[in-house]
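Asker: Sharing run-v6.txt below, compact mmCIF, C-alpha atoms:
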```
# COMPACT_ATOMS: atom_id res chain seq x y z
CA MET A 1 -79.26 -50.60 82.65
CA PRO A 2 -82.78 -49.90 83.99
CA PRO A 3 -84.23 -46.41 83.44
CA THR A 4 -83.26 -43.82 86.04
CA ASP A 5 -85.91 -43.43 88.74
CA TRP A 6 -85.37 -39.80 89.73
CA ALA A 7 -88.17 -39.81 92.31
CA ARG A 8 -86.54 -42.70 94.18
CA ILE A 9 -83.09 -41.14 93.86
CA ALA A 10 -84.40 -37.91 95.42
CA ARG A 11 -85.46 -39.91 98.47
CA SER A 12 -82.63 -42.36 99.00
CA GLY A 13 -79.89 -41.77 96.45
CA PRO A 14 -78.94 -43.66 93.28
CA THR A 15 -78.17 -47.34 93.07
CA GLU A 16 -74.80 -48.42 91.71
CA GLU A 17 -76.36 -48.90 88.26
CA GLN A 18 -77.88 -45.43 88.34
CA ARG A 19 -74.83 -43.66 89.73
CA PRO A 20 -73.02 -42.86 86.41
CA ALA A 21 -76.13 -41.29 84.87
CA THR A 22 -76.89 -39.38 88.07
CA THR A 23 -73.32 -38.11 88.35
CA ALA A 24 -73.39 -36.82 84.77
CA ALA A 25 -76.79 -35.16 85.24
CA VAL A 26 -75.95 -33.50 88.56
CA PHE A 27 -72.69 -31.95 87.46
CA ARG A 28 -74.03 -30.85 84.07
CA LEU A 29 -76.75 -29.02 85.98
CA TRP A 30 -74.10 -27.48 88.25
CA LEU A 31 -72.27 -26.29 85.15
CA LEU A 32 -75.47 -24.69 83.87
CA ALA A 33 -76.12 -23.06 87.25
CA PHE A 34 -72.67 -21.49 87.38
CA VAL A 35 -72.85 -20.32 83.76
CA LEU A 36 -76.20 -18.62 84.43
CA LYS A 37 -74.85 -16.96 87.58
CA MET A 38 -71.69 -15.80 85.81
CA LEU A 39 -73.53 -14.36 82.81
CA GLY A 40 -76.04 -12.64 85.07
CA SER A 41 -73.29 -11.13 87.22
CA THR A 42 -71.30 -9.91 84.23
CA TRP A 43 -74.33 -8.29 82.66
CA ASP A 44 -75.32 -6.85 86.04
CA MET A 45 -72.09 -4.88 86.40
CA SER A 46 -72.52 -3.30 82.96
CA TRP A 47 -76.23 -2.70 83.59
CA HIS A 48 -75.56 -0.61 86.69
CA PHE A 49 -73.37 1.78 84.74
CA LYS A 50 -76.33 2.59 82.46
CA TRP A 51 -79.67 2.03 84.19
CA LEU A 52 -81.27 2.54 87.57
CA ARG A 53 -81.01 -0.46 89.88
CA ASP A 54 -84.06 -2.74 89.89
CA ASP A 55 -84.46 -5.93 91.94
CA PHE A 56 -86.14 -7.55 88.92
CA ALA A 57 -83.77 -6.27 86.22
CA PRO A 58 -82.95 -8.89 83.54
CA PRO A 59 -79.39 -9.51 84.85
CA HIS A 60 -80.79 -10.17 88.32
CA LEU A 61 -83.34 -12.58 86.93
CA LEU A 62 -80.64 -14.45 85.00
CA ASN A 63 -78.49 -14.69 88.10
CA THR A 64 -81.52 -15.75 90.14
CA ALA A 65 -82.24 -18.59 87.71
CA GLY A 66 -78.74 -19.92 88.33
CA THR A 67 -79.13 -19.47 92.07
CA VAL A 68 -82.46 -21.34 92.16
CA LEU A 69 -80.94 -24.23 90.24
CA ALA A 70 -77.93 -24.26 92.57
CA VAL A 71 -80.14 -24.32 95.67
CA ALA A 72 -82.17 -27.20 94.22
CA LEU A 73 -78.97 -29.16 93.56
CA VAL A 74 -77.68 -28.52 97.08
CA ILE A 75 -80.98 -29.74 98.54
CA PHE A 76 -80.89 -32.83 96.32
CA GLN A 77 -77.33 -33.75 97.26
CA TRP A 78 -77.88 -32.95 100.94
CA ARG A 79 -81.05 -35.02 101.12
CA THR A 80 -79.56 -38.04 99.34
CA GLY A 81 -75.93 -37.69 100.38
CA PHE A 82 -75.00 -38.15 96.74
CA GLY A 83 -71.43 -37.16 95.88
CA LEU A 84 -70.80 -35.71 99.34
CA ASP A 85 -68.39 -36.25 102.15
CA ARG A 86 -68.44 -34.09 105.26
CA LEU A 87 -66.17 -31.40 103.77
CA ALA A 88 -68.11 -31.12 100.50
CA ARG A 89 -71.43 -31.01 102.35
CA ASN A 90 -70.27 -28.34 104.80
CA LEU A 91 -68.84 -26.16 102.03
CA MET A 92 -71.93 -26.40 99.83
CA VAL A 93 -74.48 -25.89 102.61
CA SER A 94 -72.60 -23.04 104.34
CA GLY A 95 -71.89 -21.34 101.03
CA THR A 96 -75.50 -21.54 99.89
CA GLY A 97 -76.74 -20.37 103.28
CA THR A 98 -74.36 -17.40 103.29
CA PHE A 99 -75.44 -16.41 99.78
CA LEU A 100 -79.15 -16.63 100.62
CA ILE A 101 -78.71 -14.62 103.82
CA ALA A 102 -76.77 -11.97 101.88
CA ILE A 103 -79.57 -11.39 99.34
CA PRO A 104 -82.05 -9.61 101.67
CA ILE A 105 -79.16 -7.78 103.35
CA ASP A 106 -78.01 -6.49 99.97
CA VAL A 107 -81.53 -5.45 98.96
CA LEU A 108 -81.91 -3.57 102.25
CA ASN A 109 -78.52 -1.96 101.79
CA HIS A 110 -79.55 -0.63 98.38
CA ARG A 111 -82.89 0.58 99.77
CA ILE A 112 -81.04 2.60 102.41
CA ASN A 113 -78.00 3.78 100.45
CA GLY A 114 -79.13 3.76 96.81
CA LEU A 115 -76.15 4.48 94.57
CA ASP A 116 -73.92 4.81 97.62
CA ILE A 117 -72.99 1.14 97.12
CA THR A 118 -70.06 -0.35 95.26
CA ALA A 119 -68.95 -3.83 94.28
CA TRP A 120 -66.77 -3.62 97.41
CA SER A 121 -69.66 -3.29 99.89
CA TYR A 122 -70.03 -5.62 102.89
CA SER A 123 -73.30 -7.07 101.59
CA HIS A 124 -71.68 -7.88 98.26
CA ALA A 125 -68.75 -9.47 100.11
CA LEU A 126 -71.18 -11.93 101.66
CA LEU A 127 -72.44 -12.83 98.17
CA TYR A 128 -68.88 -13.45 96.97
CA ILE A 129 -67.96 -15.52 100.03
CA GLY A 130 -71.11 -17.62 99.73
CA THR A 131 -70.48 -18.26 96.05
CA ALA A 132 -66.83 -19.14 96.69
CA LEU A 133 -67.71 -21.69 99.35
CA MET A 134 -70.40 -23.18 97.11
CA ILE A 135 -67.95 -23.58 94.21
CA LEU A 136 -65.34 -25.20 96.45
CA GLY A 137 -67.98 -27.62 97.72
CA VAL A 138 -68.98 -28.57 94.18
CA ALA A 139 -65.33 -29.00 93.21
CA ARG A 140 -64.81 -31.32 96.17
CA SER A 141 -67.97 -33.23 95.31
CA PHE A 142 -66.86 -33.65 91.70
CA TRP A 143 -63.40 -34.79 92.78
CA ILE A 144 -64.71 -37.57 95.06
CA SER A 145 -67.39 -38.60 92.53
CA THR A 146 -65.17 -39.13 89.48
CA PRO A 147 -62.09 -41.29 88.88
CA ALA A 148 -58.74 -39.79 87.92
CA SER A 149 -59.13 -38.95 84.24
CA ARG A 150 -59.10 -36.13 81.72
CA LEU A 151 -62.78 -35.54 82.55
CA ARG A 152 -61.90 -34.91 86.20
CA THR A 153 -59.11 -32.53 85.18
CA VAL A 154 -61.43 -30.56 82.91
CA GLY A 155 -64.23 -30.49 85.48
CA LEU A 156 -61.98 -29.26 88.29
CA SER A 157 -60.43 -26.65 85.98
CA LEU A 158 -63.90 -25.34 85.16
CA ALA A 159 -64.70 -25.11 88.87
CA TRP A 160 -61.57 -23.03 89.47
CA PHE A 161 -62.44 -20.89 86.43
CA PHE A 162 -65.76 -20.00 88.07
CA PHE A 163 -63.94 -19.46 91.36
CA LEU A 164 -61.53 -17.01 89.68
CA GLU A 165 -64.42 -15.16 88.02
CA ASN A 166 -66.07 -14.76 91.42
CA VAL A 167 -62.83 -13.50 92.98
CA LEU A 168 -62.28 -10.96 90.21
CA PHE A 169 -65.86 -9.68 90.14
CA PRO A 170 -65.36 -6.71 92.53
CA ASP A 171 -62.36 -5.51 90.50
CA GLN A 172 -64.69 -5.14 87.54
CA HIS A 173 -66.09 -1.99 89.18
CA GLN A 174 -62.83 -0.20 88.39
CA GLU A 175 -62.59 -1.84 84.95
CA TYR A 176 -66.03 -0.56 83.96
CA GLY A 177 -65.55 2.64 85.91
CA THR A 178 -62.38 3.61 84.08
CA LEU A 179 -64.15 3.71 80.73
CA GLY A 180 -67.33 5.09 82.27
CA PHE A 181 -65.49 8.04 83.81
CA GLN A 182 -63.65 8.75 80.56
CA ALA A 183 -66.95 8.65 78.64
CA TYR A 184 -68.36 11.27 81.03
CA LEU A 185 -65.30 13.48 80.55
CA ASP A 186 -65.71 13.11 76.78
CA GLY A 187 -69.29 14.38 77.05
CA HIS A 188 -70.95 11.07 76.17
CA PRO A 189 -71.79 9.43 79.53
CA TYR A 190 -72.92 5.80 79.49
CA ALA A 191 -75.49 6.53 82.21
CA GLU A 192 -79.05 7.19 81.09
CA PRO A 193 -80.65 10.50 82.18
CA SER A 194 -82.81 8.66 84.72
CA LEU A 195 -79.70 7.28 86.45
CA LEU A 196 -78.01 10.69 86.48
CA LYS A 197 -81.17 12.29 87.88
CA PHE A 198 -81.41 9.64 90.60
CA ALA A 199 -77.79 10.31 91.55
CA ALA A 200 -78.41 14.07 91.62
CA ASP A 201 -81.47 13.65 93.83
CA GLN A 202 -79.51 11.44 96.20
CA ILE A 203 -76.60 13.84 96.67
CA GLY A 204 -78.86 16.90 96.64
CA ARG A 205 -77.13 18.69 93.76
CA PRO A 206 -76.43 18.22 90.06
CA VAL A 207 -73.87 15.52 89.35
CA ASP A 208 -70.43 16.85 88.60
CA THR A 209 -67.02 15.38 87.81
CA ALA A 210 -66.27 14.62 91.47
CA ALA A 211 -69.57 12.77 91.96
CA ILE A 212 -69.09 10.71 88.80
CA HIS A 213 -65.53 9.86 89.84
CA ASN A 214 -66.71 8.70 93.27
CA PHE A 215 -69.26 6.37 91.68
CA THR A 216 -67.13 4.98 88.86
CA LEU A 217 -63.84 4.66 90.78
CA PRO A 218 -64.91 4.33 94.42
CA VAL A 219 -61.80 2.76 95.99
CA ALA A 220 -58.15 3.73 96.36
CA ASP A 221 -55.83 3.09 93.40
CA TRP A 222 -53.89 0.40 95.29
CA VAL A 223 -56.93 -1.87 95.62
CA TYR A 224 -57.10 -2.99 91.98
CA PRO A 225 -53.55 -4.37 91.53
CA GLY A 226 -53.30 -5.44 95.17
CA TRP A 227 -56.43 -7.59 94.93
CA ILE A 228 -55.33 -9.29 91.73
CA VAL A 229 -51.84 -10.17 92.97
CA ALA A 230 -52.74 -11.13 96.54
CA VAL A 231 -56.08 -12.87 95.95
CA ALA A 232 -56.73 -13.66 92.27
CA MET A 233 -53.22 -15.03 91.74
CA LEU A 234 -53.58 -17.12 94.91
CA ALA A 235 -56.73 -18.62 93.37
CA LEU A 236 -54.64 -19.59 90.33
CA VAL A 237 -51.95 -21.06 92.59
CA ALA A 238 -54.61 -23.15 94.34
CA ALA A 239 -56.04 -24.23 90.98
CA ARG A 240 -52.60 -25.36 89.80
CA ALA A 241 -51.90 -27.20 93.06
CA PHE A 242 -55.24 -29.00 93.31
CA VAL A 243 -55.86 -29.78 89.64
CA GLY A 244 -52.26 -30.83 89.08
CA ALA A 245 -52.11 -30.31 85.29
CA ARG A 246 -49.00 -28.45 84.14
CA TRP A 247 -50.56 -25.34 82.53
CA THR A 248 -53.71 -25.11 84.64
CA ALA A 249 -53.20 -21.50 85.79
CA THR A 250 -52.37 -20.27 82.30
CA LEU A 251 -55.36 -21.94 80.68
CA ILE A 252 -57.74 -20.63 83.35
CA GLY A 253 -56.30 -17.13 83.09
CA VAL A 254 -56.43 -17.12 79.29
CA GLY A 255 -59.94 -18.58 79.39
CA TYR A 256 -61.13 -15.83 81.73
CA VAL A 257 -59.64 -13.05 79.58
CA ALA A 258 -61.12 -14.67 76.45
CA TYR A 259 -64.54 -14.75 78.15
CA ARG A 260 -64.26 -11.07 79.02
CA CYS A 261 -63.32 -10.26 75.43
CA VAL A 262 -66.37 -12.10 74.07
CA VAL A 263 -68.63 -10.42 76.62
CA TRP A 264 -67.11 -7.04 75.71
CA GLY A 265 -68.16 -7.55 72.09
CA VAL A 266 -71.68 -8.65 73.03
CA LEU A 267 -72.21 -5.72 75.40
CA VAL A 268 -71.01 -3.19 72.84
CA ALA A 269 -73.19 -4.76 70.16
CA PHE A 270 -76.26 -4.23 72.37
CA HIS A 271 -75.21 -0.72 73.45
CA PHE A 272 -74.24 -1.55 77.02
CA PRO A 273 -71.17 -0.04 78.72
CA PRO A 274 -67.92 -1.95 78.05
CA SER A 275 -65.00 -2.43 80.40
CA ALA A 276 -61.24 -2.51 80.36
CA VAL A 277 -60.26 -6.19 79.93
CA PRO A 278 -57.59 -7.45 82.41
CA PHE A 279 -55.08 -8.70 79.82
CA ALA A 280 -52.24 -8.32 82.35
CA LEU A 281 -53.76 -11.22 84.30
CA VAL A 282 -52.31 -13.61 81.73
CA ALA A 283 -48.73 -12.54 82.51
CA GLY A 284 -49.18 -13.43 86.17
CA ALA A 285 -50.95 -16.70 85.35
CA VAL A 286 -48.09 -17.84 83.11
CA MET A 287 -45.58 -17.02 85.84
CA VAL A 288 -47.55 -19.14 88.34
CA ASP A 289 -47.20 -22.17 86.08
CA LEU A 290 -43.53 -21.46 85.34
CA ALA A 291 -42.80 -21.31 89.09
CA PHE A 292 -44.39 -24.74 89.57
CA VAL A 293 -42.44 -26.13 86.62
CA ALA A 294 -39.16 -24.68 87.91
CA GLY A 295 -39.81 -26.10 91.38
CA ALA A 296 -40.41 -29.56 89.93
CA VAL A 297 -37.37 -29.46 87.63
CA LEU A 298 -35.06 -28.32 90.42
CA GLY A 299 -36.58 -30.75 92.92
CA ALA A 300 -37.50 -27.90 95.26
CA ASP A 301 -41.06 -29.17 95.58
CA ARG A 302 -39.90 -32.32 97.40
CA THR A 303 -39.30 -30.67 100.76
CA VAL A 304 -41.17 -28.14 102.88
CA PRO A 305 -38.32 -25.56 102.83
CA GLY A 306 -38.05 -25.98 99.07
CA ARG A 307 -41.77 -25.37 98.59
CA VAL A 308 -41.57 -22.25 100.75
CA VAL A 309 -38.67 -20.94 98.65
CA VAL A 310 -40.66 -21.61 95.46
CA ALA A 311 -43.63 -19.79 96.97
CA VAL A 312 -41.62 -16.69 97.88
CA LEU A 313 -39.68 -16.46 94.61
CA GLY A 314 -42.76 -17.38 92.60
CA ALA A 315 -44.85 -14.69 94.29
CA LEU A 316 -42.23 -12.04 93.59
CA ALA A 317 -42.00 -13.14 89.96
CA VAL A 318 -45.80 -13.13 89.60
CA ALA A 319 -46.07 -9.62 91.07
CA ALA A 320 -43.33 -8.36 88.75
CA ALA A 321 -44.86 -10.00 85.68
CA TYR A 322 -48.34 -8.74 86.47
CA GLY A 323 -47.07 -5.25 87.31
CA GLY A 324 -45.18 -5.08 84.02
CA GLY A 325 -48.21 -6.31 82.11
CA LEU A 326 -50.46 -3.79 83.85
CA TRP A 327 -48.05 -0.96 83.04
CA LEU A 328 -48.10 -1.95 79.36
CA GLN A 329 -51.89 -2.24 79.42
CA SER A 330 -52.20 1.21 81.00
CA HIS A 331 -51.18 2.66 77.63
CA LEU A 332 -54.36 1.12 76.19
CA ALA A 333 -57.01 0.96 78.93
CA ALA A 334 -56.56 -0.01 82.57
CA PRO A 335 -57.86 1.21 85.92
CA PRO A 336 -55.73 3.74 87.84
CA SER A 337 -53.24 1.67 89.83
CA ASP A 338 -50.76 2.34 92.61
CA TYR A 339 -47.84 0.01 91.88
CA ALA A 340 -46.32 0.62 95.32
CA VAL A 341 -48.70 -2.00 96.74
CA LEU A 342 -47.17 -4.82 94.69
CA PRO A 343 -44.35 -5.80 97.11
CA LEU A 344 -46.83 -6.10 100.00
CA ALA A 345 -49.29 -7.99 97.79
CA ALA A 346 -46.46 -10.33 96.79
CA LEU A 347 -45.74 -11.10 100.46
CA VAL A 348 -49.42 -11.91 101.06
CA LEU A 349 -49.40 -14.12 97.96
CA ALA A 350 -46.20 -15.86 99.11
CA ALA A 351 -47.76 -16.70 102.49
CA GLY A 352 -50.89 -18.09 100.86
CA TRP A 353 -48.86 -19.93 98.21
CA ALA A 354 -46.70 -21.63 100.85
CA ALA A 355 -49.77 -22.59 102.89
CA VAL A 356 -51.54 -24.10 99.88
CA THR A 357 -48.59 -26.06 98.51
CA VAL A 358 -47.27 -27.30 101.85
CA ARG A 359 -50.72 -28.46 102.95
CA ARG A 360 -51.45 -29.99 99.56
CA LYS A 361 -48.24 -32.03 99.58
CA ALA A 362 -48.82 -33.11 103.18
CA SER A 363 -52.27 -34.45 102.39
CA ALA A 364 -51.39 -35.96 98.99
```
Have the structure of the file written as structure tokens, please.
Answerer:
Amino acid sequence: MPPTDWARIARSGPTEEQRPATTAAVFRLWLLAFVLKMLGSTWDMSWHFKWLRDDFAPPHLLNTAGTVLAVALVIFQWRTGFGLDRLARNLMVSGTGTFLIAIPIDVLNHRINGLDITAWSYSHALLYIGTALMILGVARSFWISTPASRLRTVGLSLAWFFFLENVLFPDQHQEYGTLGFQAYLDGHPYAEPSLLKFAADQIGRPVDTAAIHNFTLPVADWVYPGWIVAVAMLALVAARAFVGARWTATLIGVGYVAYRCVVWGVLVAFHFPPSAVPFALVAGAVMVDLAFVAGAVLGADRTVPGRVVVAVLGALAVAAAYGGGLWLQSHLAAPPSDYAVLPLAALVLAAGWAAVTVRRKASA
């Protein structure tokens, strides 16, 4: 095979002989971009519980490196049309555009509101939405660029892993905040004096228990479990439906929790604030896979009514499993949670589950 002419590829796309090498290079670079963005985001959440916010803080720079690489890849694929159909192109371009538009909005928001910003802010929501669309576009691009194989299964599973991490990012505010608030009550706050002084100057009085609580746990107690059941579990349902491997949801859920455990150890080793790890997520992930297995064994997945029944019963089982796991975890370390939201979250999950599986079967 002749050597890869990257300059020519950038102008007109790869030839058939160059396509395998280009495919491998492009998606390895996408993997690197998402890893950099994920590590930067994880570090960023911990950073903000210790230090004053800075646009050029190391976590932001790490995330920016991943973003720059992602933008370059989007431009490359858009210019050449490589690995894109209309859906993949629209997802990648709209996601990247949304993310880039959100950056100056978020900076302005922080300039105006300072610490009066949480992971649940509107500007942050734009960042999450942009990232989610970008990941879905890359997943679509990878799917149409690779033949059915173990490599495709692994690649798509990794894409849904990054998607899940993006979905769960706002919930990390409560996971870090739970331990941060307890550290303050114990008389050993994670926040440096400069951060506490900045907070005091902003509210016009010395920080007290109420102010610390509002910063560390800024949303109602129903948000944490409701978001995981209604949204994060739906991401795992979609991963299982689109990847198709039997234990996809479980492996992604376990992989995410394992990642958080490793990061926990690294952060503690370098004296950064740790978080509560969402171990209960695994219970819900396992139940997602078991619902798919039960539907296949009973033949319920062969008809639309059967898939709806599986979705409803599966959602209820997932909510119960996650709720039980969260209750057990609360005896160790878990954010304050209002379990009364779980039935409503289960109904939202059931609706999304039915929509995903019915549409997936119809288009298969």
Asker: Identify, on the basis of all atoms listed in the file, every residue whose closest approach to stretch 306-310 of chain A does not exceed 10 Å; exclude the query and any residue fewer than 6 positions from it along the same chain; express the result as a PyMOL selection string.
Answerer: chain A and resi 291-292+294-296+298-300+316+350-351+353-358+361
Asker: Just want the 7 Å neighbourhood of stretch 232-248 of chain A, counted on only C-alpha atoms, with same-chain residues fewer than 4 positions away dropped. Output as an NGL selection string.
Answerer: :A and (153 or 156-157 or 160 or 164 or 167-168 or 227-228 or 252 or 285 or 288-289 or 349 or 352-353 or 356-357)
Asker: Using Å and a single decimal, report how far atom CA of A:Trp222 sits from atom CA of A:Asp338.
Answerer: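 Answer for the atom CA of A:Asp338 to atom CA of A:Trp222 separation: 4.6 Å.
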Asker: Can you tell me which residues surround A:Ala70 at a distance of at most 9 Å, considering only C-alpha atoms, apart from same-chain residues fewer than 5 positions away, and format the answer as a list in words?
Answerer: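 Near A:Ala70, the qualifying residues are Leu29, Trp30, Ala33, Phe34, Ala65, Ile75, Thr96 and Met134 of chain A.
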Asker: Report as a JSON list (two decimals) with C-alpha atoms, keeping the file's coordinate frame all protein, DNA and RNA residues lying within 6 Å of A:Val318, evaluated on only C-alpha atoms, omitting residues in the same chain fewer than 3 positions from it.
Answerer:
```json
[["chain", "number", "residue", "atom", "x", "y", "z"],
["A", 284, "GLY", "CA", -49.18, -13.43, 86.17],
["A", 287, "MET", "CA", -45.58, -17.02, 85.84],
["A", 315, "ALA", "CA", -44.85, -14.69, 94.29],
["A", 321, "ALA", "CA", -44.86, -10.00, 85.68],
["A", 322, "TYR", "CA", -48.34, -8.74, 86.47]]
```
Asker: Around stretch 233-251 of chain A, with edges along x, y and z and 6 Å added on all six sides, what centre and edge lengths do you get, in Å to one decimal, as lines of an AutoDock Vina configuration file?
Answerer:
```
center_x = -52.9
center_y = -22.9
center_z = 87.8
size_x = 19.7
size_y = 27.8
size_z = 26.2
```
Asker: With distances taken over all atoms listed in the file, which of A:Trp43, A:Leu133, A:Arg150, A:Ser141 is nearest to A:His271?
Answerer: A:Trp43
Asker: Wanna dump the stretch 133-245 of chain A-stretch 23-26 of chain A contacts at 9 Å for me, each residue with its shortest atom pair and the distance in Å to one decimal, counting only C-alpha atoms, ordered by chain and number, as JSON lines?
Answerer:
```
{"residue": "A:Phe142", "atom": "CA", "partner": "A:Thr23", "partner_atom": "CA", "distance": 8.5}
{"residue": "A:Ser145", "atom": "CA", "partner": "A:Thr23", "partner_atom": "CA", "distance": 7.3}
{"residue": "A:Thr146", "atom": "CA", "partner": "A:Thr23", "partner_atom": "CA", "distance": 8.3}
```
Asker: Skipping near chain neighbours, those fewer than 2 positions away, what residues fall within 10 Å of A:Phe169 using all atoms listed in the file, listed as a ChimeraX atom specification?
Answerer: /A:38,41-42,45,119-120,128,164-167,171-173,175
Asker: Which residue out of A:Trp143, A:Tyr190, A:Trp264, A:Tyr176 has the minimum interatomic distance to A:Pro335 when all atoms listed in the file are used?
Answerer: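 The shortest atom-to-atom distance to A:Pro335 comes from A:Tyr176.
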Asker: So what do you get for atom CA of A:Val341 versus atom CA of A:Pro225, distance-wise?
Answerer: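 Taking atom CA of A:Val341 as the start and atom CA of A:Pro225 as the end point, the length is 7.5 Å.
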Asker: One number please: atom CA of A:Thr209 to atom CA of A:Arg260, in Å, one decimal.
Answerer: 28.0 Å
Asker: Using all atoms listed in the file, which of A:Ala230, A:Ile212, A:Leu195, A:Val286 sits nearest A:Ala346?
Answerer: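 Result for the nearest residue to A:Ala346: A:Ala230.
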Asker: When you count only C-alpha atoms, which of these residues is closest to A:Tyr122: A:Leu332, A:Ile105, A:Val229, A:Leu347?
Answerer: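 Of the candidates, the smallest distance to A:Tyr122 is held by A:Ile105.
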Asker: Name the closest residue to A:Phe272 among the candidates A:Gly66, A:Gly83, A:Pro206, A:Gly180; distances are taken between atoms, counting all atoms listed in the file.
Answerer: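 Checking each candidate against A:Phe272, we get A:Gly180 as the closest.
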Asker: Could you check which of A:Ala159, A:Ala258, A:Ala210, A:Ala319 is closest to A:Leu185, using only C-alpha atoms?
Answerer: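 For A:Leu185, the nearest of the given residues is A:Ala210.
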